[in-house]
file start-v4.csv (CSV, C-alpha atoms)
chain,number,residue,atom,x,y,z
A,1,MET,CA,37.9,18.8,24.1
A,2,ASN,CA,38.4,19.8,20.5
A,3,ILE,CA,41.8,19.9,18.8
A,4,LYS,CA,42.1,23.7,19.1
A,5,GLN,CA,41.6,23.5,22.9
A,6,ALA,CA,44.1,20.6,23.1
A,7,LYS,CA,46.6,22.7,21.2
A,8,GLU,CA,46.3,25.5,23.7
A,9,GLU,CA,46.5,23.1,26.7
A,10,ILE,CA,49.7,21.5,25.3
A,11,LYS,CA,51.2,24.9,24.5
A,12,HIS,CA,50.5,26.1,28.1
A,13,THR,CA,52.1,22.9,29.4
A,14,VAL,CA,55.2,23.4,27.3
A,15,GLN,CA,55.5,27.0,28.5
A,16,ALA,CA,55.1,25.9,32.1
A,17,TYR,CA,57.6,23.0,31.9
A,18,LEU,CA,60.2,25.3,30.3
A,19,LEU,CA,59.8,28.2,32.7
A,20,LYS,CA,63.1,28.8,34.6
A,21,GLY,CA,63.9,30.3,37.9
A,22,GLU,CA,66.5,33.0,38.7
A,23,LYS,CA,69.3,30.4,38.8
A,24,GLY,CA,68.4,28.9,35.4
A,25,GLU,CA,66.7,25.8,36.9
A,26,TYR,CA,63.4,24.6,35.6
A,27,LYS,CA,60.6,25.6,38.1
A,28,ILE,CA,58.9,22.3,37.5
A,29,PRO,CA,61.8,19.7,37.8
A,30,ALA,CA,62.1,17.2,35.1
A,31,VAL,CA,60.9,14.4,37.4
A,32,ARG,CA,57.6,16.2,37.9
A,33,GLN,CA,57.1,17.1,34.2
A,34,ARG,CA,54.5,14.5,33.4
A,35,PRO,CA,54.4,13.5,29.7
A,36,VAL,CA,51.3,14.6,27.9
A,37,LEU,CA,49.2,11.7,26.4
A,38,LEU,CA,46.9,13.0,23.7
A,39,MET,CA,44.2,10.5,23.0
A,40,GLY,CA,41.8,10.9,20.0
A,41,PRO,CA,40.7,9.3,16.7
A,42,PRO,CA,43.1,9.1,13.8
A,43,GLY,CA,43.3,11.9,11.2
A,44,ILE,CA,42.1,14.8,13.3
A,45,GLY,CA,45.4,16.8,13.3
A,46,LYS,CA,47.3,15.7,16.3
A,47,THR,CA,50.7,15.8,14.4
A,48,GLN,CA,49.9,19.2,12.9
A,49,ILE,CA,49.3,20.9,16.2
A,50,MET,CA,52.7,19.7,17.4
A,51,GLU,CA,54.3,21.5,14.5
A,52,GLN,CA,52.3,24.7,15.2
A,53,ILE,CA,53.2,24.6,18.9
A,54,ALA,CA,56.9,24.1,18.3
A,55,THR,CA,56.9,27.1,15.8
A,56,GLU,CA,54.9,29.4,18.1
A,57,CYS,CA,57.1,28.6,21.1
A,58,ASN,CA,60.3,28.8,19.0
A,59,ILE,CA,61.5,25.4,20.1
A,60,GLY,CA,62.6,22.2,18.4
A,61,LEU,CA,60.4,19.2,17.4
A,62,VAL,CA,61.4,15.6,16.9
A,63,SER,CA,58.5,13.5,15.7
A,64,TYR,CA,58.2,9.7,15.4
A,65,THR,CA,55.5,7.2,14.6
A,66,ILE,CA,56.5,4.4,17.0
A,67,THR,CA,54.7,1.7,15.1
A,68,HIS,CA,57.3,2.0,12.4
A,69,HIS,CA,60.0,1.0,14.9
A,70,THR,CA,61.4,-2.2,16.2
A,71,ARG,CA,62.7,-2.8,19.7
A,72,GLN,CA,66.2,-2.4,18.5
A,73,SER,CA,65.7,1.0,16.9
A,74,ALA,CA,63.8,2.3,19.9
A,75,VAL,CA,66.0,0.9,22.6
A,76,GLY,CA,69.4,0.5,20.8
A,77,LEU,CA,71.5,-2.5,20.0
A,78,PRO,CA,73.2,-4.6,22.7
A,79,MET,CA,76.9,-4.3,23.2
A,80,ILE,CA,79.5,-5.8,25.6
A,81,LYS,CA,81.3,-3.4,28.0
A,82,GLU,CA,84.1,-4.3,30.4
A,83,GLU,CA,83.5,-3.4,34.1
A,84,GLU,CA,85.4,-4.1,37.3
A,85,TYR,CA,83.7,-5.2,40.5
A,86,ASP,CA,85.6,-6.0,43.7
A,87,GLY,CA,88.8,-6.3,41.7
A,88,ARG,CA,87.3,-8.7,39.2
A,89,LYS,CA,86.7,-7.7,35.5
A,90,VAL,CA,83.4,-8.8,34.0
A,91,SER,CA,81.6,-8.3,30.7
A,92,VAL,CA,78.3,-6.4,31.0
A,93,THR,CA,75.6,-6.0,28.4
A,94,GLU,CA,74.7,-2.4,27.6
A,95,TYR,CA,72.9,-0.7,24.7
A,96,THR,CA,73.9,1.7,22.0
A,97,MET,CA,72.0,5.0,22.0
A,98,SER,CA,68.4,4.8,20.8
A,99,GLU,CA,67.8,6.2,17.3
A,100,ILE,CA,65.1,8.3,18.8
A,101,ILE,CA,67.2,9.8,21.6
A,102,ALA,CA,70.0,10.3,19.0
A,103,SER,CA,67.6,12.3,16.9
A,104,VAL,CA,67.0,14.7,19.8
A,105,TYR,CA,70.7,15.3,20.2
A,106,ASN,CA,71.1,15.7,16.5
A,107,ARG,CA,68.4,18.4,16.6
A,108,ILE,CA,70.2,20.2,19.4
A,109,ARG,CA,73.5,20.0,17.5
A,110,ASP,CA,72.3,20.9,14.0
A,111,TYR,CA,69.8,23.7,15.0
A,112,GLY,CA,71.0,24.9,18.3
A,113,GLN,CA,67.6,24.2,19.9
A,114,LYS,CA,68.3,22.9,23.4
A,115,GLU,CA,64.6,22.8,24.2
A,116,GLY,CA,61.8,21.2,22.3
A,117,ILE,CA,59.1,18.6,22.0
A,118,LEU,CA,59.7,14.9,21.5
A,119,PHE,CA,56.5,13.7,19.9
A,120,ILE,CA,55.7,9.9,19.7
A,121,ASP,CA,52.6,9.0,17.7
A,122,GLU,CA,50.5,5.8,18.0
A,123,ILE,CA,52.2,5.0,21.3
A,124,ASN,CA,49.5,2.5,22.3
A,125,CYS,CA,49.5,0.6,19.0
A,126,VAL,CA,53.0,-0.9,19.3
A,127,SER,CA,53.9,-4.6,19.1
A,128,GLU,CA,54.0,-6.8,22.2
A,129,THR,CA,57.8,-6.8,22.2
A,130,LEU,CA,57.9,-3.0,22.3
A,131,THR,CA,55.1,-2.4,24.9
A,132,PRO,CA,57.4,-2.6,27.9
A,133,THR,CA,59.7,0.0,26.3
A,134,MET,CA,56.8,2.4,25.8
A,135,LEU,CA,55.7,2.0,29.4
A,136,GLN,CA,59.3,2.6,30.6
A,137,PHE,CA,59.4,5.7,28.3
A,138,LEU,CA,56.3,7.2,29.8
A,139,GLN,CA,57.2,6.3,33.3
A,140,CYS,CA,60.9,7.1,33.3
A,141,LYS,CA,61.5,9.3,30.2
A,142,THR,CA,64.1,6.9,28.9
A,143,PHE,CA,64.6,4.7,25.9
A,144,GLY,CA,66.8,1.8,26.9
A,145,ASN,CA,69.4,3.2,29.3
A,146,GLN,CA,69.3,6.7,27.7
A,147,LYS,CA,67.3,9.6,29.1
A,148,VAL,CA,65.5,12.2,27.1
A,149,PRO,CA,67.6,15.4,27.4
A,150,GLU,CA,66.5,18.0,29.9
A,151,GLY,CA,64.5,20.7,28.4
A,152,TRP,CA,62.7,18.4,26.0
A,153,VAL,CA,58.9,17.9,26.7
A,154,ILE,CA,57.4,14.5,26.0
A,155,VAL,CA,54.1,14.4,24.1
A,156,ALA,CA,52.6,11.1,23.1
A,157,ALA,CA,49.5,10.4,21.0
A,158,GLY,CA,47.3,7.3,20.8
A,159,ASN,CA,44.0,6.1,19.4
A,160,PRO,CA,41.1,4.9,21.4
A,161,PRO,CA,40.5,1.1,21.0
A,162,GLU,CA,37.4,1.5,18.9
A,163,TYR,CA,39.5,2.9,16.1
A,164,ASN,CA,42.4,0.5,16.1
A,165,LYS,CA,42.5,-3.3,16.8
A,166,SER,CA,46.2,-3.0,17.8
A,167,VAL,CA,45.6,-0.7,20.8
A,168,ARG,CA,47.0,-1.9,24.1
A,169,GLU,CA,45.5,-0.5,27.3
A,170,PHE,CA,47.9,1.3,29.7
A,171,ASP,CA,47.9,0.2,33.3
A,172,MET,CA,47.2,2.5,36.2
A,173,VAL,CA,50.8,2.8,37.1
A,174,THR,CA,51.5,4.4,33.7
A,175,LEU,CA,48.4,6.5,33.6
A,176,ASP,CA,49.2,7.9,37.0
A,177,ARG,CA,52.4,9.3,35.5
A,178,VAL,CA,51.0,11.1,32.5
A,179,ARG,CA,48.6,14.0,31.7
A,180,GLN,CA,45.9,12.5,29.5
A,181,ILE,CA,44.0,14.9,27.2
A,182,ASP,CA,41.1,13.4,25.3
A,183,VAL,CA,40.3,15.1,22.0
A,184,GLU,CA,37.3,14.6,19.6
A,185,ALA,CA,36.7,15.6,16.0
A,186,ASP,CA,35.0,19.0,15.7
A,187,LEU,CA,33.8,20.3,12.4
A,188,ASN,CA,33.5,23.9,13.4
A,189,ILE,CA,37.1,24.0,14.6
A,190,TRP,CA,38.3,22.1,11.6
A,191,LYS,CA,36.6,24.7,9.3
A,192,GLU,CA,38.7,27.5,10.8
A,193,TYR,CA,41.8,25.5,9.9
A,194,ALA,CA,40.4,24.5,6.5
A,195,ARG,CA,39.7,28.1,5.5
A,196,ASN,CA,43.3,29.2,6.3
A,197,GLN,CA,44.8,26.1,4.7
A,198,HIS,CA,42.7,26.8,1.5
A,199,ILE,CA,40.9,23.5,1.6
A,200,HIS,CA,38.9,23.2,-1.6
A,201,PRO,CA,35.7,25.3,-1.2
A,202,ALA,CA,33.5,22.5,-2.5
A,203,ILE,CA,34.6,20.3,0.4
A,204,ILE,CA,33.9,23.1,3.0
A,205,SER,CA,30.5,23.8,1.4
A,206,TYR,CA,29.6,20.1,1.3
A,207,LEU,CA,30.5,19.6,4.9
A,208,ASP,CA,28.4,22.7,5.8
A,209,ILE,CA,25.5,20.8,4.3
A,210,ARG,CA,26.4,17.3,5.4
A,211,PRO,CA,28.2,17.8,8.8
A,212,LYS,CA,27.7,14.1,9.8
A,213,ASN,CA,30.0,13.1,7.0
A,214,PHE,CA,33.0,15.0,8.4
A,215,TYR,CA,34.1,12.1,10.6
A,216,ARG,CA,32.6,8.7,10.4
A,217,VAL,CA,33.8,5.2,11.4
A,218,GLU,CA,31.5,2.3,10.8
A,219,ALA,CA,31.7,-1.4,10.4
A,220,ASP,CA,29.1,-3.3,8.3
A,221,VAL,CA,28.9,-6.4,6.1
A,222,ASP,CA,31.4,-4.8,3.6
A,223,GLY,CA,33.9,-4.2,6.4
A,224,LEU,CA,35.2,-1.0,7.9
A,225,GLN,CA,34.1,2.2,6.4
A,226,PHE,CA,35.5,5.5,7.5
A,227,VAL,CA,35.9,9.3,6.8
A,228,THR,CA,38.5,11.4,8.5
A,229,ALA,CA,39.6,15.0,8.5
A,230,ARG,CA,42.9,13.9,7.0
A,231,GLY,CA,41.0,12.2,4.2
A,232,TRP,CA,39.2,15.5,3.3
A,233,GLU,CA,42.4,17.5,3.4
A,234,ASP,CA,44.3,15.0,1.1
A,235,LEU,CA,41.3,14.9,-1.2
A,236,SER,CA,41.3,18.7,-1.4
A,237,ASN,CA,45.0,18.7,-2.6
A,238,LEU,CA,44.2,16.2,-5.3
A,239,ILE,CA,41.1,18.0,-6.5
A,240,LYS,CA,42.9,21.3,-6.9
A,241,THR,CA,45.7,19.7,-8.8
A,242,TYR,CA,43.3,17.7,-11.0
A,243,GLU,CA,41.4,20.9,-11.8
A,244,GLU,CA,44.7,22.6,-12.8
A,245,LEU,CA,45.4,19.7,-15.1
A,246,HIS,CA,41.7,19.6,-16.4
A,247,LEU,CA,41.3,16.0,-15.2
A,248,PRO,CA,37.9,14.6,-14.2
A,249,VAL,CA,37.2,14.1,-10.4
A,250,THR,CA,35.2,10.9,-10.3
A,251,GLU,CA,33.4,9.1,-7.6
A,252,GLU,CA,36.0,6.3,-7.7
A,253,ILE,CA,38.8,8.9,-7.1
A,254,ILE,CA,36.9,10.4,-4.2
A,255,TYR,CA,36.4,7.0,-2.6
A,256,GLU,CA,40.1,6.5,-2.6
A,257,PHE,CA,40.2,9.2,0.2
A,258,ILE,CA,36.7,9.1,1.6
A,259,ARG,CA,36.4,5.4,2.5
A,260,ASN,CA,32.6,5.4,2.9
A,261,HIS,CA,30.6,4.5,-0.2
A,262,ASP,CA,27.6,6.6,0.7
A,263,ALA,CA,29.7,9.7,1.6
A,264,ALA,CA,31.9,9.3,-1.5
A,265,GLN,CA,28.9,9.0,-3.8
A,266,ASP,CA,27.2,12.0,-2.1
A,267,MET,CA,30.4,14.1,-2.4
A,268,SER,CA,30.8,13.2,-6.0
A,269,ALA,CA,27.3,14.3,-6.9
A,270,TYR,CA,27.7,17.5,-4.9
A,271,TYR,CA,31.1,18.4,-6.5
A,272,ASP,CA,29.6,18.2,-10.0
A,273,LEU,CA,26.7,20.4,-8.8
A,274,TYR,CA,29.1,22.9,-7.2
A,275,ARG,CA,31.0,23.3,-10.4
A,276,LYS,CA,27.7,23.8,-12.2
A,277,TYR,CA,26.6,26.5,-9.7
A,278,GLU,CA,29.8,28.4,-10.4
A,279,ASP,CA,28.8,28.7,-14.1
A,280,ASP,CA,25.0,29.1,-13.5
A,281,TYR,CA,25.4,31.9,-11.0
A,282,ARG,CA,28.2,33.6,-12.9
A,283,ILE,CA,30.3,34.3,-9.8
A,284,GLU,CA,32.9,36.3,-11.7
A,285,GLU,CA,30.3,38.7,-12.9
A,286,ILE,CA,28.8,39.1,-9.4
A,287,LEU,CA,32.3,40.0,-8.0
A,288,LYS,CA,32.6,42.6,-10.8
A,289,GLY,CA,29.3,44.2,-9.7
A,290,GLN,CA,27.5,42.9,-12.7
A,291,ALA,CA,25.1,40.4,-11.2
A,292,PRO,CA,22.4,39.4,-13.7
A,293,ALA,CA,18.8,39.9,-12.7
A,294,GLU,CA,18.0,36.2,-13.4
A,295,VAL,CA,20.5,35.2,-10.7
A,296,TYR,CA,18.4,37.0,-8.0
A,297,ALA,CA,15.3,35.4,-9.4
A,298,ARG,CA,16.8,31.9,-9.2
A,299,LEU,CA,18.0,32.4,-5.7
A,300,MET,CA,14.6,33.6,-4.5
A,301,HIS,CA,13.3,30.0,-5.2
A,302,ALA,CA,16.4,28.1,-4.4
A,303,GLU,CA,16.8,25.6,-1.5
A,304,PHE,CA,19.1,26.6,1.4
A,305,ASP,CA,21.8,24.1,0.2
A,306,GLU,CA,22.0,25.9,-3.1
A,307,LYS,CA,22.2,29.3,-1.5
A,308,LEU,CA,24.9,28.0,0.8
A,309,SER,CA,26.9,26.9,-2.2
A,310,VAL,CA,26.7,30.3,-3.8
A,311,VAL,CA,28.0,31.9,-0.6
A,312,ASN,CA,31.0,29.6,-0.5
A,313,LEU,CA,31.7,30.2,-4.2
A,314,LEU,CA,31.7,34.0,-3.5
A,315,LEU,CA,34.1,33.4,-0.6
A,316,ASP,CA,36.4,31.3,-2.8
A,317,GLY,CA,36.4,34.0,-5.5
A,318,LEU,CA,37.3,36.7,-2.9
A,319,MET,CA,40.1,34.6,-1.3
A,320,LYS,CA,41.8,34.0,-4.6
A,321,MET,CA,41.9,37.8,-5.0
A,322,PHE,CA,42.9,38.5,-1.5
A,323,GLU,CA,45.9,36.1,-1.8
A,324,ARG,CA,47.3,38.3,-4.5
A,325,VAL,CA,47.7,41.2,-2.1
A,326,ASP,CA,51.2,41.4,-0.6
A,327,MET,CA,51.1,43.1,2.8
A,328,THR,CA,54.8,43.7,2.7
A,329,LYS,CA,54.5,46.0,-0.3
A,330,GLN,CA,52.3,48.7,1.1
A,331,GLY,CA,53.0,52.0,-0.7
A,332,ASP,CA,53.8,50.1,-3.9
A,333,ALA,CA,51.6,51.5,-6.7
A,334,GLU,CA,50.8,48.1,-8.3
A,335,ASN,CA,50.1,46.4,-5.0
A,336,ASP,CA,47.9,49.3,-3.8
A,337,GLN,CA,45.9,48.9,-7.0
A,338,LEU,CA,45.4,45.2,-6.1
A,339,VAL,CA,44.2,46.3,-2.6
A,340,GLN,CA,41.6,48.6,-4.1
A,341,LYS,CA,40.5,46.0,-6.6
A,342,ALA,CA,40.1,43.4,-3.9
A,343,GLY,CA,38.2,45.9,-1.8
A,344,GLN,CA,35.8,46.7,-4.6
A,345,MET,CA,35.2,43.0,-5.1
A,346,LEU,CA,34.3,42.7,-1.5
A,347,GLU,CA,31.9,45.6,-1.8
A,348,HIS,CA,30.3,44.0,-4.8
A,349,ALA,CA,29.9,40.8,-2.9
A,350,PHE,CA,28.2,42.7,-0.1
A,351,ASP,CA,25.9,44.4,-2.6
A,352,PHE,CA,24.9,41.0,-3.9
A,353,CYS,CA,24.4,39.4,-0.5
A,354,ASP,CA,22.5,42.5,0.8
A,355,GLU,CA,20.0,42.2,-1.9
A,356,ALA,CA,19.9,38.4,-2.2
A,357,PHE,CA,20.0,37.4,1.5
A,358,GLY,CA,19.5,40.4,3.7
A,359,MET,CA,20.2,39.6,7.4
A,360,GLY,CA,19.6,35.9,7.0
A,361,GLN,CA,21.5,32.7,7.7
A,362,GLU,CA,23.5,33.1,4.4
A,363,MET,CA,24.9,36.4,5.5
A,364,LEU,CA,26.0,35.0,8.8
A,365,ILE,CA,27.9,32.2,6.9
A,366,PHE,CA,29.4,34.8,4.6
A,367,ILE,CA,30.6,37.0,7.5
A,368,THR,CA,31.9,34.0,9.4
A,369,GLY,CA,33.9,32.8,6.3
A,370,LEU,CA,35.5,36.3,6.0
A,371,THR,CA,36.3,36.3,9.7
A,372,MET,CA,38.0,32.9,9.7
A,373,THR,CA,40.8,33.6,7.2
A,374,SER,CA,44.1,35.4,7.7
A,375,GLU,CA,43.9,36.8,4.1
A,376,SER,CA,40.6,38.6,4.9
A,377,ALA,CA,42.1,40.0,8.2
A,378,MET,CA,45.1,41.4,6.4
A,379,LEU,CA,43.0,43.0,3.6
A,380,LEU,CA,40.5,44.5,6.1
A,381,SER,CA,43.4,46.0,8.0
A,382,VAL,CA,44.3,48.2,5.0
A,383,TYR,CA,40.8,48.4,3.4
A,384,PRO,CA,38.3,49.1,6.2
A,385,CYS,CA,34.9,47.8,5.1
A,386,GLU,CA,32.0,49.5,7.0
A,387,ARG,CA,29.5,46.8,6.1
A,388,TYR,CA,31.8,44.0,7.3
A,389,GLN,CA,32.1,45.8,10.7
A,390,GLN,CA,28.4,46.4,10.9
A,391,TYR,CA,27.4,42.8,10.0
A,392,GLN,CA,30.1,41.3,12.2
A,393,LYS,CA,28.8,43.3,15.2
A,394,GLU,CA,25.1,42.5,14.5
A,395,LEU,CA,25.5,38.8,13.4
A,396,LEU,CA,28.4,37.4,15.3
A,397,THR,CA,27.5,38.8,18.8
A,398,GLY,CA,24.4,39.0,20.9
A,399,THR,CA,20.9,37.6,20.6
A,400,LYS,CA,20.7,37.9,16.8
A,401,ARG,CA,23.5,35.4,16.4
A,402,GLY,CA,21.7,33.0,18.7
A,403,GLU,CA,18.5,33.3,16.7
A,404,ILE,CA,20.3,32.6,13.4
A,405,LEU,CA,22.3,29.7,14.8
A,406,ALA,CA,19.1,28.2,16.2
A,407,GLN,CA,17.6,28.3,12.7
A,408,LEU,CA,20.7,26.8,11.2

call {"tool": "encode", "arguments": {"input": "start-v4.csv", "output": "structure tokens"}}
result
Amino acid sequence: MNIKQAKEEIKHTVQAYLLKGEKGEYKIPAVRQRPVLLMGPPGIGKTQIMEQIATECNIGLVSYTITHHTRQSAVGLPMIKEEEYDGRKVSVTEYTMSEIIASVYNRIRDYGQKEGILFIDEINCVSETLTPTMLQFLQCKTFGNQKVPEGWVIVAAGNPPEYNKSVREFDMVTLDRVRQIDVEADLNIWKEYARNQHIHPAIISYLDIRPKNFYRVEADVDGLQFVTARGWEDLSNLIKTYEELHLPVTEEIIYEFIRNHDAAQDMSAYYDLYRKYEDDYRIEEILKGQAPAEVYARLMHAEFDEKLSVVNLLLDGLMKMFERVDMTKQGDAENDQLVQKAGQMLEHAFDFCDEAFGMGQEMLIFITGLTMTSESAMLLSVYPCERYQQYQKELLTGTKRGEILAQL
């Protein structure tokens, strides 16, 4: 399944595990609450969805990457305790509380969150000395001799062996005590996230054109080459900051994040082209309702990739305006003026797209881009746009959508 489906499944699991009966007892007793084991390639957002689930369920989150830990920090340090058996005093070895279990109790104490998620990442990539501890954790919900507090749901994540040489296979005894969810990289789902996280539009536009470069892991004579969703997001943050500082974004810089020579070179060339399109097509003038005639003439003979870039540039320009609207200030004169200005820009964008693209593939991408973002949804709630409603109905539902997607 994709990461969005995995998020919903884990969220439902948390809700089910934390459901209580009339007497305050958990309807699924702790011994039957199987830990969730989320298996998928690195860098696709496994950690991010844990944060989202905890926020949406209003519970705590304690997160650890277990490969950063030693057996001592996970289990605790040995200590000597005096015990008496059959009238004879003996010294017994016990352990201090695990750092991980202590972090859960600290969360309960500091935030008053008695329920939450204990998330352990890279659980199948631990050292040989720590492997038995991880198996015990999944099977018995303990670190050393300390149990995970009741009300805390265990979610662990791991990487399939093709992505990590350190992976250790779990045995049947362990797998029979967990709920395993297998997740794969999915560009369409990531694009929903990317729009709302304001990933640089050049990256979104590039991946529309080169979807195979969204997630790649290859081994050749030069060693391991890879591209991950995490790499694209981190590159986006750097590009936006470099642009603010007026610094050049070179192929070498892109390769620091996109660790595949061909993909980095291709992205570098496209980024330069994307910036050129922004000037050539005079996006600001289009959004002011002043689209020059020569722009339409150029688009008429442009390749689909170029048209797609123009659509994403329009969306980027709109989103920058939409972000300025504060939905908490409805009735404020200045803010209401911003709403009207943003609405007019949207109307101008539709005027341009109507004339340039009609009911083609480009319009579908434009409508989809508007539909994916929370800023668009908020603006459209106070500025109803008839053409948006019309095109959404015609292009995002029914047979017309199927026809256009088939062409795409």

call {"tool": "residues_around", "arguments": {"input": "start-v4.csv", "residues": "range 289-296 of chain A", "least_positions_apart": "6", "cutoff": "10 Å", "atoms": "only C-alpha atoms", "output": "ChimeraX atom specification"}}
result
/A:280-283,302,344-353,355-357

call {"tool": "residues_around", "arguments": {"input": "start-v4.csv", "residues": "range 41-54 of chain A", "least_positions_apart": "2", "cutoff": "8 Å", "atoms": "all atoms listed in the file", "output": "list in words"}}
result
Ile3, Lys7, Ile10, Lys11, Leu38, Met39, Glu56, Cys57, Asn58, Ile59, Gly60, Leu61, Gly116, Ile117, Phe119, Asp121, Ala157, Asn159, Pro160, Tyr163, Val183, Glu184, Ala185, Thr228, Ala229, Arg230 and Gly231 of chain A

call {"tool": "residues_around", "arguments": {"input": "start-v4.csv", "residues": "Glu233 in chain A", "least_positions_apart": "3", "cutoff": "9 Å", "atoms": "all atoms listed in the file", "output": "tab-separated table (two decimals) with C-alpha atoms, in the coordinates of the input"}}
result
chain	number	residue	atom	x	y	z
A	194	ALA	CA	40.40	24.50	6.50
A	199	ILE	CA	40.90	23.50	1.60
A	200	HIS	CA	38.90	23.20	-1.60
A	203	ILE	CA	34.60	20.30	0.40
A	228	THR	CA	38.50	11.40	8.50
A	229	ALA	CA	39.60	15.00	8.50
A	230	ARG	CA	42.90	13.90	7.00
A	236	SER	CA	41.30	18.70	-1.40
A	237	ASN	CA	45.00	18.70	-2.60
A	238	LEU	CA	44.20	16.20	-5.30

call {"tool": "atom_distance", "arguments": {"input": "start-v4.csv", "atom1": "CA of Gln197 in chain A", "atom2": "CA of Thr373 in chain A"}}
result
8.9 Å

call {"tool": "atom_distance", "arguments": {"input": "start-v4.csv", "atom1": "CA of Tyr206 in chain A", "atom2": "CA of Ala297 in chain A"}}
result
23.5 Å

call {"tool": "residues_near_point", "arguments": {"input": "start-v4.csv", "point": "(37.0, 46.4, 2.0)", "cutoff": "6 Å", "atoms": "all atoms listed in the file", "output": "ChimeraX atom specification"}}
result
/A:343,346,380,383-385

call {"tool": "atom_distance", "arguments": {"input": "start-v4.csv", "atom1": "CA of Asp326 in chain A", "atom2": "CA of Glu285 in chain A"}}
result
24.4 Å

call {"tool": "residues_around", "arguments": {"input": "start-v4.csv", "residues": "range 126-138 of chain A", "least_positions_apart": "2", "cutoff": "10 Å", "atoms": "all atoms listed in the file", "output": "compact mmCIF listing (two decimals) with C-alpha atoms, keeping the file's coordinate frame"}}
result
# COMPACT_ATOMS: atom_id res chain seq x y z
CA ARG A 34 54.50 14.50 33.40
CA PRO A 35 54.40 13.50 29.70
CA VAL A 36 51.30 14.60 27.90
CA LEU A 37 49.20 11.70 26.40
CA THR A 65 55.50 7.20 14.60
CA ILE A 66 56.50 4.40 17.00
CA THR A 67 54.70 1.70 15.10
CA HIS A 68 57.30 2.00 12.40
CA HIS A 69 60.00 1.00 14.90
CA THR A 70 61.40 -2.20 16.20
CA ARG A 71 62.70 -2.80 19.70
CA GLN A 72 66.20 -2.40 18.50
CA ALA A 74 63.80 2.30 19.90
CA VAL A 75 66.00 0.90 22.60
CA ILE A 120 55.70 9.90 19.70
CA GLU A 122 50.50 5.80 18.00
CA ILE A 123 52.20 5.00 21.30
CA ASN A 124 49.50 2.50 22.30
CA CYS A 140 60.90 7.10 33.30
CA LYS A 141 61.50 9.30 30.20
CA THR A 142 64.10 6.90 28.90
CA PHE A 143 64.60 4.70 25.90
CA GLY A 144 66.80 1.80 26.90
CA GLN A 146 69.30 6.70 27.70
CA LYS A 147 67.30 9.60 29.10
CA VAL A 148 65.50 12.20 27.10
CA ILE A 154 57.40 14.50 26.00
CA VAL A 155 54.10 14.40 24.10
CA ALA A 156 52.60 11.10 23.10
CA SER A 166 46.20 -3.00 17.80
CA VAL A 167 45.60 -0.70 20.80
CA ARG A 168 47.00 -1.90 24.10
CA PHE A 170 47.90 1.30 29.70
CA ASP A 171 47.90 0.20 33.30
CA VAL A 173 50.80 2.80 37.10
CA THR A 174 51.50 4.40 33.70
CA LEU A 175 48.40 6.50 33.60
CA ARG A 177 52.40 9.30 35.50
CA VAL A 178 51.00 11.10 32.50

call {"tool": "closest_residue", "arguments": {"input": "start-v4.csv", "among": "A:Val339, A:Met321, A:Val217, A:Leu207", "to": "Leu308 in chain A", "atoms": "all atoms listed in the file"}}
result
A:Leu207
